$ cat protein.cif   # mmCIF, C-alpha atoms and all ligand atoms
data_structure
loop_
_atom_site.label_atom_id
_atom_site.label_comp_id
_atom_site.auth_asym_id
_atom_site.auth_seq_id
_atom_site.Cartn_x
_atom_site.Cartn_y
_atom_site.Cartn_z
CA MET Y 1 44.73 19.46 -39.28
CA GLN Y 2 41.84 16.99 -39.46
CA PRO Y 3 38.47 18.77 -39.89
CA ALA Y 4 36.02 18.09 -37.06
CA GLU Y 5 32.63 16.61 -37.87
CA LEU Y 6 30.00 18.89 -39.37
CA LEU Y 7 26.58 17.76 -38.13
CA LEU Y 8 23.35 18.93 -39.80
CA PRO Y 9 19.66 18.46 -38.98
CA ALA Y 10 17.56 16.11 -41.08
CA GLY Y 11 13.89 16.95 -40.50
CA ASP Y 12 12.90 14.67 -43.40
CA LEU Y 13 14.51 12.60 -46.13
CA ASP Y 14 14.90 15.52 -48.55
CA LYS Y 15 16.75 17.53 -45.92
CA LEU Y 16 18.86 14.51 -44.95
CA LYS Y 17 20.05 14.08 -48.54
CA THR Y 18 20.54 17.81 -49.01
CA ALA Y 19 22.70 18.03 -45.87
CA VAL Y 20 24.95 15.22 -47.01
CA LEU Y 21 25.24 16.49 -50.60
CA PHE Y 22 26.15 19.98 -49.38
CA GLY Y 23 28.93 18.89 -47.05
CA ALA Y 24 27.66 17.39 -43.77
CA ASP Y 25 29.75 14.57 -42.29
CA ALA Y 26 26.77 13.41 -40.29
CA VAL Y 27 23.08 14.16 -39.84
CA TYR Y 28 20.70 13.79 -36.92
CA ALA Y 29 17.06 12.86 -37.27
CA GLY Y 30 14.22 11.94 -35.00
CA GLY Y 31 11.96 8.96 -35.28
CA LYS Y 32 8.23 9.47 -35.28
CA GLU Y 33 8.31 8.73 -31.54
CA TYR Y 34 10.57 9.67 -28.65
CA SER Y 35 12.15 12.66 -30.33
CA LEU Y 36 12.00 16.36 -29.61
CA ARG Y 37 10.86 18.46 -32.56
CA ALA Y 38 7.82 16.24 -33.03
CA ALA Y 39 6.44 18.64 -35.63
CA ALA Y 40 9.69 18.65 -37.58
CA GLY Y 41 8.52 15.88 -39.87
CA ASN Y 42 10.81 13.20 -38.48
CA LEU Y 43 11.40 9.82 -40.09
CA SER Y 44 9.35 6.65 -40.04
CA LEU Y 45 11.37 3.48 -39.52
CA SER Y 46 11.36 2.73 -43.26
CA GLU Y 47 12.50 6.30 -44.02
CA MET Y 48 15.17 5.88 -41.38
CA GLU Y 49 16.43 2.78 -43.21
CA GLU Y 50 16.43 4.61 -46.53
CA GLY Y 51 18.26 7.55 -44.93
CA LEU Y 52 20.78 5.22 -43.33
CA ASN Y 53 21.52 3.51 -46.66
CA PHE Y 54 21.99 6.89 -48.31
CA VAL Y 55 24.40 8.28 -45.71
CA HIS Y 56 26.40 5.06 -45.47
CA LYS Y 57 26.83 4.90 -49.26
CA LYS Y 58 28.35 8.38 -49.01
CA GLY Y 59 30.58 7.36 -46.09
CA LYS Y 60 28.64 9.60 -43.64
CA LYS Y 61 26.73 8.97 -40.40
CA LEU Y 62 23.15 9.14 -39.11
CA TYR Y 63 22.43 9.73 -35.43
CA VAL Y 64 18.91 9.26 -34.11
CA THR Y 65 17.47 11.56 -31.45
CA VAL Y 66 15.59 9.83 -28.65
CA ASN Y 67 15.68 12.94 -26.53
CA ILE Y 68 12.30 13.33 -24.88
CA LEU Y 69 12.23 13.83 -21.13
CA ALA Y 70 10.40 10.57 -20.62
CA HIS Y 71 7.46 9.99 -18.29
CA ASN Y 72 6.65 6.52 -16.93
CA ARG Y 73 4.14 5.97 -19.69
CA ASP Y 74 6.86 6.52 -22.32
CA LEU Y 75 9.05 3.69 -21.04
CA LYS Y 76 6.90 0.72 -21.98
CA ASP Y 77 7.56 0.65 -25.71
CA LEU Y 78 11.08 2.10 -25.61
CA PRO Y 79 13.00 -1.21 -25.34
CA ALA Y 80 11.50 -2.52 -28.60
CA TYR Y 81 12.17 0.80 -30.37
CA LEU Y 82 15.79 0.86 -29.15
CA GLU Y 83 16.30 -2.76 -30.22
CA ARG Y 84 14.97 -1.88 -33.67
CA LEU Y 85 17.40 1.05 -33.99
CA ALA Y 86 20.21 -1.27 -32.87
CA GLN Y 87 19.26 -3.83 -35.55
CA MET Y 88 19.38 -1.07 -38.14
CA ALA Y 89 22.87 -0.17 -36.86
CA VAL Y 90 22.28 3.57 -36.68
CA ASP Y 91 25.52 5.42 -35.90
CA GLY Y 92 24.48 6.88 -32.59
CA LEU Y 93 21.63 7.78 -30.25
CA ILE Y 94 21.16 11.30 -28.89
CA ILE Y 95 19.50 11.05 -25.48
CA ALA Y 96 18.65 13.53 -22.72
CA ASP Y 97 16.95 11.46 -20.04
CA PRO Y 98 19.08 9.28 -17.69
CA GLY Y 99 16.34 6.64 -17.67
CA VAL Y 100 16.44 6.44 -21.46
CA ILE Y 101 20.25 6.22 -21.32
CA LYS Y 102 19.89 3.26 -18.96
CA LEU Y 103 17.51 1.51 -21.35
CA ALA Y 104 19.74 2.27 -24.36
CA LEU Y 105 22.75 0.73 -22.60
CA LYS Y 106 20.66 -2.39 -22.04
CA TYR Y 107 18.72 -2.69 -25.32
CA ALA Y 108 21.11 -1.08 -27.82
CA PRO Y 109 24.51 -1.66 -26.17
CA GLU Y 110 26.50 -1.47 -29.40
CA ILE Y 111 25.18 1.96 -30.42
CA PRO Y 112 27.25 4.93 -29.15
CA ILE Y 113 25.34 7.36 -26.94
CA THR Y 114 25.51 11.13 -27.23
CA VAL Y 115 24.02 13.06 -24.29
CA SER Y 116 21.69 15.76 -25.59
CA THR Y 117 21.96 19.46 -24.84
CA GLN Y 118 18.71 19.02 -22.92
CA ALA Y 119 20.79 17.39 -20.15
CA ASN Y 120 22.27 20.88 -19.58
CA ILE Y 121 25.92 19.85 -19.11
CA THR Y 122 27.73 22.97 -17.91
CA ASN Y 123 30.78 21.64 -16.01
CA TYR Y 124 33.50 18.97 -16.23
CA GLU Y 125 32.16 16.90 -13.31
CA ALA Y 126 28.81 16.56 -15.05
CA ALA Y 127 30.70 15.63 -18.21
CA ALA Y 128 32.74 13.02 -16.33
CA PHE Y 129 29.53 11.65 -14.80
CA TYR Y 130 27.94 11.02 -18.19
CA LYS Y 131 31.20 9.60 -19.55
CA GLU Y 132 31.36 7.10 -16.67
CA LEU Y 133 27.74 6.26 -17.30
CA GLY Y 134 28.71 5.09 -20.79
CA ALA Y 135 28.21 8.11 -23.05
CA GLN Y 136 30.69 8.49 -25.88
CA ARG Y 137 29.89 12.11 -26.69
CA LEU Y 138 28.24 15.08 -24.96
CA VAL Y 139 26.38 18.03 -26.44
CA LEU Y 140 27.21 20.87 -24.11
CA ALA Y 141 24.66 23.41 -22.92
CA ARG Y 142 24.67 26.48 -25.15
CA GLU Y 143 25.17 28.78 -22.18
CA LEU Y 144 28.95 28.23 -22.00
CA SER Y 145 31.92 30.44 -22.80
CA LEU Y 146 34.87 29.24 -24.86
CA ASP Y 147 37.02 29.07 -21.70
CA GLU Y 148 34.47 26.85 -19.99
CA ILE Y 149 34.28 24.58 -23.04
CA ILE Y 150 38.09 24.27 -23.16
CA THR Y 151 38.23 23.36 -19.46
CA ILE Y 152 35.55 20.70 -19.86
CA LYS Y 153 37.43 19.21 -22.83
CA GLU Y 154 40.72 19.13 -20.95
CA LYS Y 155 39.39 17.71 -17.70
CA ALA Y 156 36.70 15.30 -18.87
CA GLU Y 157 38.52 13.97 -21.97
CA VAL Y 158 35.31 13.05 -23.74
CA GLU Y 159 34.03 13.79 -27.26
CA LEU Y 160 32.26 17.15 -27.32
CA GLU Y 161 29.59 18.42 -29.68
CA VAL Y 162 28.90 22.15 -29.73
CA PHE Y 163 25.97 24.04 -31.27
CA VAL Y 164 27.40 26.63 -33.64
CA HIS Y 165 24.33 27.86 -35.50
CA GLY Y 166 20.57 28.17 -35.19
CA ALA Y 167 17.71 29.32 -33.00
CA MET Y 168 18.20 29.80 -29.28
CA CYS Y 169 15.79 29.38 -26.40
CA VAL Y 170 15.43 32.02 -23.73
CA SER Y 171 15.12 29.21 -21.23
CA TYR Y 172 18.03 26.95 -20.30
CA SER Y 173 18.88 24.88 -23.39
CA GLY Y 174 15.26 24.29 -24.21
CA ARG Y 175 14.00 23.33 -20.74
CA CYS Y 176 10.87 25.41 -20.78
CA LEU Y 177 7.25 25.03 -19.72
CA LEU Y 178 5.89 28.13 -21.43
CA SER Y 179 4.57 26.37 -24.51
CA HIS Y 180 2.94 23.57 -22.54
CA TYR Y 181 1.32 26.05 -20.19
CA MET Y 182 -0.02 28.30 -22.94
CA THR Y 183 -0.88 25.90 -25.73
CA GLY Y 184 -0.75 22.39 -24.31
CA ARG Y 185 2.17 21.65 -26.63
CA SER Y 186 5.20 20.68 -24.59
CA ALA Y 187 8.68 21.79 -25.64
CA ASN Y 188 9.99 18.83 -23.71
CA THR Y 189 8.27 16.39 -26.02
CA GLY Y 190 9.23 18.31 -29.14
CA GLU Y 191 6.04 20.27 -29.77
CA CYS Y 192 7.06 23.81 -28.83
CA ALA Y 193 4.72 26.47 -30.27
CA HIS Y 194 7.40 29.15 -29.67
CA PRO Y 195 5.34 31.42 -27.38
CA CYS Y 196 8.57 33.18 -26.45
CA ARG Y 197 8.17 34.91 -29.85
CA TYR Y 198 4.55 36.02 -29.24
CA GLN Y 199 3.65 39.63 -28.51
CA TYR Y 200 2.42 40.27 -24.98
CA GLN Y 201 0.22 42.90 -23.34
CA LEU Y 202 -0.57 43.79 -19.75
CA VAL Y 203 -4.08 43.43 -18.25
CA GLU Y 204 -5.26 44.73 -14.87
CA GLU Y 205 -7.50 42.13 -13.21
CA LYS Y 206 -10.55 44.42 -12.74
CA ARG Y 207 -10.37 45.68 -16.34
CA PRO Y 208 -10.25 42.38 -18.23
CA HIS Y 209 -10.83 43.90 -21.66
CA GLU Y 210 -8.29 46.68 -21.44
CA TYR Y 211 -4.94 45.76 -22.85
CA PHE Y 212 -1.91 47.86 -22.10
CA PRO Y 213 0.96 47.39 -24.50
CA ILE Y 214 4.28 46.56 -22.91
CA GLU Y 215 6.76 48.85 -24.54
CA GLU Y 216 10.47 48.81 -23.97
CA ASP Y 217 10.72 51.25 -26.84
CA GLU Y 218 8.65 52.25 -29.88
CA ARG Y 219 8.94 48.72 -31.34
CA GLY Y 220 7.25 47.09 -28.34
CA SER Y 221 8.62 44.38 -26.08
CA TYR Y 222 11.30 41.88 -26.95
CA ILE Y 223 12.41 40.49 -23.63
CA LEU Y 224 11.74 36.89 -24.69
CA ASN Y 225 12.79 37.07 -28.32
CA SER Y 226 16.23 35.55 -28.68
CA ARG Y 227 18.52 36.26 -31.59
CA ASP Y 228 19.83 33.27 -33.55
CA LEU Y 229 23.19 31.78 -32.68
CA CYS Y 230 26.03 32.10 -35.22
CA LEU Y 231 29.54 31.03 -34.18
CA LEU Y 232 31.04 31.05 -37.66
CA PRO Y 233 33.72 33.63 -36.71
CA HIS Y 234 34.70 31.44 -33.74
CA ILE Y 235 35.24 28.23 -35.72
CA PRO Y 236 39.07 28.54 -35.57
CA GLN Y 237 39.08 28.77 -31.74
CA LEU Y 238 36.62 25.90 -31.43
CA VAL Y 239 38.69 23.68 -33.75
CA GLN Y 240 41.79 24.52 -31.70
CA ALA Y 241 39.87 23.67 -28.53
CA GLY Y 242 39.49 20.13 -29.91
CA ILE Y 243 35.72 20.17 -30.42
CA ASP Y 244 34.76 16.94 -32.15
CA SER Y 245 31.48 17.92 -33.75
CA PHE Y 246 30.00 21.23 -34.92
CA LYS Y 247 26.25 21.08 -34.75
CA ILE Y 248 23.69 23.15 -36.61
CA GLU Y 249 20.17 23.52 -35.20
CA GLY Y 250 17.03 23.51 -37.33
CA ARG Y 251 15.17 20.29 -38.01
CA MET Y 252 12.09 22.41 -38.74
CA LYS Y 253 13.89 24.67 -41.22
CA SER Y 254 13.83 24.23 -45.02
CA ALA Y 255 16.17 22.25 -47.27
CA LEU Y 256 17.46 25.64 -48.49
CA TYR Y 257 18.53 26.50 -44.92
CA VAL Y 258 20.20 23.09 -44.66
CA ALA Y 259 22.03 23.58 -47.97
CA VAL Y 260 23.25 27.08 -47.12
CA THR Y 261 24.43 26.32 -43.59
CA ALA Y 262 26.08 23.02 -44.61
CA SER Y 263 27.87 24.68 -47.51
CA VAL Y 264 29.11 27.72 -45.55
CA TYR Y 265 30.28 25.82 -42.46
CA ARG Y 266 31.92 23.14 -44.65
CA GLN Y 267 33.92 25.83 -46.46
CA ALA Y 268 34.83 27.53 -43.18
CA LEU Y 269 36.00 24.31 -41.51
CA GLU Y 270 38.06 23.24 -44.54
CA ALA Y 271 39.57 26.70 -44.95
CA PHE Y 272 40.79 26.81 -41.37
CA CYS Y 273 41.99 23.21 -41.27
CA GLN Y 274 43.99 23.69 -44.49
CA SER Y 275 45.54 27.07 -43.70
CA GLY Y 276 45.57 27.11 -39.90
CA SER Y 277 45.02 30.87 -40.01
CA GLU Y 278 42.08 33.05 -39.01
CA TYR Y 279 39.62 34.08 -41.70
CA ASN Y 280 40.18 37.36 -43.44
CA ASP Y 281 37.43 39.98 -43.18
CA LYS Y 282 36.38 39.71 -46.81
CA GLN Y 283 35.93 35.94 -46.67
CA LEU Y 284 34.05 36.14 -43.39
CA ARG Y 285 31.76 38.84 -44.78
CA ILE Y 286 30.87 36.71 -47.82
CA TRP Y 287 30.01 33.71 -45.65
CA MET Y 288 27.98 35.79 -43.17
CA GLU Y 289 26.02 37.39 -46.02
CA GLU Y 290 25.23 33.94 -47.40
CA LEU Y 291 24.01 32.77 -43.97
CA ARG Y 292 21.75 35.84 -43.78
CA ASN Y 293 20.19 34.82 -47.09
CA VAL Y 294 18.10 32.15 -45.38
CA ALA Y 295 15.42 32.63 -42.73
CA THR Y 296 17.08 33.98 -39.66
CA ARG Y 297 16.79 36.47 -36.87
CA PRO Y 298 19.71 38.80 -36.26
CA PHE Y 299 22.75 36.86 -35.07
CA THR Y 300 24.36 36.63 -31.65
CA ASN Y 301 27.49 34.77 -30.63
CA GLY Y 302 25.58 33.66 -27.53
CA PHE Y 303 27.74 33.00 -24.49
CA ILE Y 304 30.99 32.10 -26.26
CA GLU Y 305 32.68 35.30 -25.05
CA GLY Y 306 30.87 35.22 -21.70
CA GLU Y 307 27.60 37.03 -21.05
CA SER Y 308 26.51 38.82 -24.21
CA PRO Y 309 24.44 42.01 -24.27
CA LEU Y 310 23.11 40.98 -27.68
CA LEU Y 311 20.99 37.95 -26.87
CA GLN Y 312 17.63 39.56 -27.62
CA ASP Y 313 16.43 40.59 -31.05
CA ILE Y 314 15.37 44.19 -30.65
CA ASP Y 315 14.19 44.65 -34.22
CA HIS Y 316 11.97 41.73 -35.21
CA THR Y 317 9.89 38.99 -33.71
CA ALA Y 318 9.70 37.03 -36.96
CA PRO Y 319 12.73 35.81 -38.91
CA THR Y 320 13.65 37.63 -42.10
CA ARG Y 321 14.98 36.00 -45.25
CA ARG Y 322 16.37 37.20 -48.55
CA THR Y 323 15.91 34.02 -50.59
CA ASP Y 324 12.98 31.67 -51.21
CA PHE Y 325 13.35 27.94 -51.63
CA CYS Y 326 11.87 27.26 -55.11
CA GLY Y 327 12.90 23.73 -56.00
CA ILE Y 328 15.32 20.82 -56.06
CA VAL Y 329 17.17 19.67 -59.19
CA ARG Y 330 16.22 16.06 -59.82
CA GLY Y 331 18.22 15.42 -63.00
CA TYR Y 332 19.22 16.58 -66.47
CA ASP Y 333 17.83 15.64 -69.87
CA PRO Y 334 20.93 15.81 -72.12
CA ASP Y 335 18.95 15.37 -75.36
CA ARG Y 336 16.91 18.51 -74.76
CA GLY Y 337 19.47 20.32 -72.57
CA TRP Y 338 16.88 20.69 -69.80
CA LEU Y 339 17.24 20.64 -66.04
CA ILE Y 340 14.49 18.69 -64.30
CA ILE Y 341 13.30 20.61 -61.22
CA GLU Y 342 10.83 19.56 -58.52
CA GLN Y 343 8.86 22.61 -57.38
CA ARG Y 344 8.85 23.81 -53.76
CA ALA Y 345 7.48 27.37 -54.23
CA ASN Y 346 5.74 29.21 -57.07
CA PHE Y 347 8.34 30.49 -59.56
CA GLY Y 348 8.61 31.40 -63.21
CA PRO Y 349 10.17 33.65 -65.87
CA GLY Y 350 11.03 37.11 -64.59
CA ASP Y 351 12.08 35.88 -61.14
CA ASP Y 352 15.63 36.46 -59.95
CA LEU Y 353 16.76 32.84 -59.71
CA GLN Y 354 19.96 31.14 -58.61
CA LEU Y 355 21.16 27.55 -58.57
CA MET Y 356 23.07 26.44 -55.48
CA LEU Y 357 25.40 23.65 -56.56
CA THR Y 358 26.38 20.93 -54.13
CA ASP Y 359 30.06 21.94 -54.42
CA GLY Y 360 29.25 25.39 -52.97
CA ARG Y 361 29.10 27.37 -56.23
CA ILE Y 362 26.12 29.65 -56.90
CA LEU Y 363 25.07 30.25 -60.52
CA ASP Y 364 22.51 32.72 -61.83
CA LEU Y 365 19.68 31.12 -63.80
CA GLU Y 366 18.05 33.30 -66.42
CA LEU Y 367 14.68 31.63 -66.83
CA ILE Y 368 13.05 32.54 -70.12
CA VAL Y 369 10.80 29.56 -70.76
CA LEU Y 370 9.45 26.90 -68.45
CA TYR Y 371 8.18 23.56 -69.81
CA ASP Y 372 6.22 20.59 -68.59
CA GLU Y 373 7.38 17.05 -69.37
CA ASN Y 374 5.72 17.14 -72.81
CA GLY Y 375 7.46 20.32 -73.79
CA ILE Y 376 4.35 22.47 -73.34
CA THR Y 377 5.14 25.98 -72.15
CA LEU Y 378 4.08 26.92 -68.60
CA ASP Y 379 3.76 30.45 -67.26
CA ARG Y 380 4.72 29.45 -63.67
CA ALA Y 381 5.61 26.35 -61.65
CA ARG Y 382 2.57 26.50 -59.41
CA HIS Y 383 2.00 23.10 -57.87
CA PRO Y 384 3.86 21.54 -54.94
CA LYS Y 385 6.30 18.85 -56.11
CA GLN Y 386 5.40 19.51 -59.78
CA LEU Y 387 8.23 18.51 -62.15
CA VAL Y 388 9.17 21.33 -64.52
CA TYR Y 389 11.87 21.62 -67.17
CA VAL Y 390 14.26 24.51 -67.71
CA SER Y 391 16.81 25.03 -70.44
CA PHE Y 392 20.36 25.09 -69.05
CA PRO Y 393 23.68 24.75 -70.91
CA GLN Y 394 25.29 22.22 -68.58
CA GLU Y 395 24.42 19.27 -66.44
CA ILE Y 396 24.53 19.99 -62.71
CA ALA Y 397 24.33 17.56 -59.82
CA ALA Y 398 20.97 16.20 -58.74
CA GLY Y 399 20.14 17.61 -55.31
CA SER Y 400 21.25 21.13 -56.24
CA ILE Y 401 18.84 23.82 -55.00
CA LEU Y 402 16.89 26.45 -56.94
CA ARG Y 403 16.26 29.68 -55.02
CA ARG Y 404 14.81 33.14 -55.70
CA THR Y 405 16.64 36.17 -54.41
CA SER Y 406 15.21 39.54 -53.50
CA ARG Y 407 18.16 41.61 -54.79
S1 LIG Y 501 8.91 28.69 -25.89
FE1 LIG Y 501 10.81 29.60 -26.62
S2 LIG Y 501 12.23 29.35 -24.90
FE2 LIG Y 501 10.55 27.93 -24.53
S3 LIG Y 501 11.26 25.97 -25.45
FE3 LIG Y 501 10.04 27.07 -27.00
S4 LIG Y 501 11.58 28.18 -28.23
FE4 LIG Y 501 12.57 27.59 -26.27
#
$ encode --input "protein.cif" --output "structure tokens"
Amino acid sequence: MQPAELLLPAGDLDKLKTAVLFGADAVYAGGKEYSLRAAAGNLSLSEMEEGLNFVHKKGKKLYVTVNILAHNRDLKDLPAYLERLAQMAVDGLIIADPGVIKLALKYAPEIPITVSTQANITNYEAAAFYKELGAQRLVLARELSLDEIITIKEKAEVELEVFVHGAMCVSYSGRCLLSHYMTGRSANTGECAHPCRYQYQLVEEKRPHEYFPIEEDERGSYILNSRDLCLLPHIPQLVQAGIDSFKIEGRMKSALYVAVTASVYRQALEAFCQSGSEYNDKQLRIWMEELRNVATRPFTNGFIEGESPLLQDIDHTAPTRRTDFCGIVRGYDPDRGWLIIEQRANFGPGDDLQLMLTDGRILDLELIVLYDENGITLDRARHPKQLVYVSFPQEIAAGSILRRTSR
């Protein structure tokens, strides 16, 4: 069985490279303009070119999100931007707005179009509509059961991309005005401030300074706080349903999140495609534990089995994590037997450290001494992007990730 595409978010160049090194077949990234997740970093045009060169050298793909819900004022400069992306020969455009699709068909006719989840495709007629319009692939709304997905695939006969992992909105596939109303930052232009995770209180209009807590139970209120989606256990059914691309959400998450999710879903896809049998409990437990190691809320399988009673997180409003992203391996000095690590969080001797290798292995790193480039001993790696040197008996691939566990 041919594995379907594994598609990872690329909030910046580091994450793009990490995704590819850890097993993604394709990545999606936004430009500085016209993309949701405006605060996710996103790529300038020159970074986009660098990213494109990197993925193409590895035989992978880069799709560019142009998925704002455009207003009239947004249309003026779009043709030139789309022409530029066409010249660069990006591998696809992810678009939500029918007007933007129309412009893409005109100004970037050679570039395949994927219709974004923001278009809220929930039935096969809508799928057929976008196919006839010229879309090659559709990202379905997340609010669909497996049966509905299978029917859409059978009847519309179009490439389908399905979100399998990441944060969920409490509104319909991200169509939400809450953030714009409360903070002026619109979710529909990629600037959501996540007010669905805030804590709310009740005020009576004649007592403006008296706040009454809203309590569903002793932990407070959680009506708006969605769990995170995780469809790892459903990968076999989704592969059998003929899904073409498995998409992971999280352009604003860290490179550690990208590495962990890419690695786990790569292993799961390969395992099923090679054996054709369901995962055993032990294997599934190991993968789920690894996914819980990075920042996440409790998991839900969303709507895949129909309406789920477990969509809200009743325990936390903030994500929990069991590992910290400490650095990226940039190389190996064979003369001194030192790994070269670029710092991402304060770490040093005494920390419980692990190296995540790009082939999926995880090795413990017992850090006794930390050096700078001149061989002078450091107590900690304190500065962002500081290069530090660590004794290690073997060379490991550049791009591997250093993390601290809280075992
Ligand atoms: S406020 Fe919450 S529900 Fe609304 S778009 Fe943002 S994350 Fe989604």
$ closest_atom_pairs --input "protein.cif" --of "chain Y" --to "ligand LIG 501 (chain Y)" --cutoff "6 Å" --atoms "only C-alpha atoms and all ligand atoms" --output "CSV"
residue,atom,partner,partner_atom,distance
Y:Cys169,CA,Y:LIG501,FE4,3.7
Y:Val170,CA,Y:LIG501,S2,4.3
Y:Ser171,CA,Y:LIG501,S2,4.7
Y:Gly174,CA,Y:LIG501,S3,4.5
Y:Cys176,CA,Y:LIG501,FE2,4.5
Y:Leu178,CA,Y:LIG501,S1,5.4
Y:Ser179,CA,Y:LIG501,S1,5.1
Y:Ala187,CA,Y:LIG501,S3,4.9
Y:Cys192,CA,Y:LIG501,FE3,4.8
Y:His194,CA,Y:LIG501,S1,4.1
Y:Pro195,CA,Y:LIG501,S1,4.7
Y:Cys196,CA,Y:LIG501,FE1,4.2
$ atom_distance --input "protein.cif" --atom1 "atom CA of Leu269 of chain Y" --atom2 "atom CA of Lys153 of chain Y"
19.4 Å
$ atom_distance --input "protein.cif" --atom1 "atom CA of Gly30 of chain Y" --atom2 "atom CA of Ala80 of chain Y"
16.0 Å
$ closest_residue --input "protein.cif" --among "Y:Glu157, Y:Asp352, Y:Ala135, Y:Asn120" --to "Lys102 of chain Y" --atoms "all atoms listed in the file"
Y:Ala135
$ residues_around --input "protein.cif" --residues "segment 95-100 of chain Y" --least-positions-apart "6" --cutoff "12 Å" --atoms "all atoms listed in the file" --output "ChimeraX atom specification"
/Y:28,30,34-36,63-72,74-79,81-82,106-108,111-121,129-130,133-141,173-175,188-189
$ write_last_selection --input "protein.cif" --atoms "C-alpha atoms" --output "compact mmCIF listing (two decimals), keeping the file's coordinate frame"
# COMPACT_ATOMS: atom_id res chain seq x y z
CA TYR Y 28 20.70 13.79 -36.92
CA GLY Y 30 14.22 11.94 -35.00
CA TYR Y 34 10.57 9.67 -28.65
CA SER Y 35 12.15 12.66 -30.33
CA LEU Y 36 12.00 16.36 -29.61
CA TYR Y 63 22.43 9.73 -35.43
CA VAL Y 64 18.91 9.26 -34.11
CA THR Y 65 17.47 11.56 -31.45
CA VAL Y 66 15.59 9.83 -28.65
CA ASN Y 67 15.68 12.94 -26.53
CA ILE Y 68 12.30 13.33 -24.88
CA LEU Y 69 12.23 13.83 -21.13
CA ALA Y 70 10.40 10.57 -20.62
CA HIS Y 71 7.46 9.99 -18.29
CA ASN Y 72 6.65 6.52 -16.93
CA ASP Y 74 6.86 6.52 -22.32
CA LEU Y 75 9.05 3.69 -21.04
CA LYS Y 76 6.90 0.72 -21.98
CA ASP Y 77 7.56 0.65 -25.71
CA LEU Y 78 11.08 2.10 -25.61
CA PRO Y 79 13.00 -1.21 -25.34
CA TYR Y 81 12.17 0.80 -30.37
CA LEU Y 82 15.79 0.86 -29.15
CA LYS Y 106 20.66 -2.39 -22.04
CA TYR Y 107 18.72 -2.69 -25.32
CA ALA Y 108 21.11 -1.08 -27.82
CA ILE Y 111 25.18 1.96 -30.42
CA PRO Y 112 27.25 4.93 -29.15
CA ILE Y 113 25.34 7.36 -26.94
CA THR Y 114 25.51 11.13 -27.23
CA VAL Y 115 24.02 13.06 -24.29
CA SER Y 116 21.69 15.76 -25.59
CA THR Y 117 21.96 19.46 -24.84
CA GLN Y 118 18.71 19.02 -22.92
CA ALA Y 119 20.79 17.39 -20.15
CA ASN Y 120 22.27 20.88 -19.58
CA ILE Y 121 25.92 19.85 -19.11
CA PHE Y 129 29.53 11.65 -14.80
CA TYR Y 130 27.94 11.02 -18.19
CA LEU Y 133 27.74 6.26 -17.30
CA GLY Y 134 28.71 5.09 -20.79
CA ALA Y 135 28.21 8.11 -23.05
CA GLN Y 136 30.69 8.49 -25.88
CA ARG Y 137 29.89 12.11 -26.69
CA LEU Y 138 28.24 15.08 -24.96
CA VAL Y 139 26.38 18.03 -26.44
CA LEU Y 140 27.21 20.87 -24.11
CA ALA Y 141 24.66 23.41 -22.92
CA SER Y 173 18.88 24.88 -23.39
CA GLY Y 174 15.26 24.29 -24.21
CA ARG Y 175 14.00 23.33 -20.74
CA ASN Y 188 9.99 18.83 -23.71
CA THR Y 189 8.27 16.39 -26.02
$ atom_distance --input "protein.cif" --atom1 "atom CA of Leu291 of chain Y" --atom2 "atom CA of Pro236 of chain Y"
17.8 Å
$ closest_residue --input "protein.cif" --among "Y:Pro298, Y:Gly242, Y:Gly276, Y:Pro9" --to "Leu160 of chain Y" --atoms "all atoms listed in the file"
Y:Gly242
$ residues_around --input "protein.cif" --residues "Glu50 of chain Y" --least-positions-apart "4" --cutoff "12 Å" --atoms "all atoms listed in the file" --output "number ranges by chain"
Y: 12-14, 16-17, 43-46, 54-57, 62, 88, 90
$ closest_residue --input "protein.cif" --among "Y:Ala193, Y:Val258, Y:Leu202, Y:Ile235" --to "Val27 of chain Y" --atoms "only C-alpha atoms"
Y:Val258
$ closest_residue --input "protein.cif" --among "Y:Ser406, Y:Gln87, Y:Gln201, Y:Gln240" --to "Glu278 of chain Y" --atoms "only C-alpha atoms"
Y:Gln240
$ closest_residue --input "protein.cif" --among "Y:Val158, Y:Arg227, Y:Tyr181, Y:Glu148" --to "Glu132 of chain Y" --atoms "only C-alpha atoms"
Y:Val158
$ residues_around --input "protein.cif" --residues "Lys247 of chain Y" --least-positions-apart "4" --cutoff "8 Å" --atoms "only C-alpha atoms" --output "PyMOL selection string"
chain Y and resi 6-8+161-165
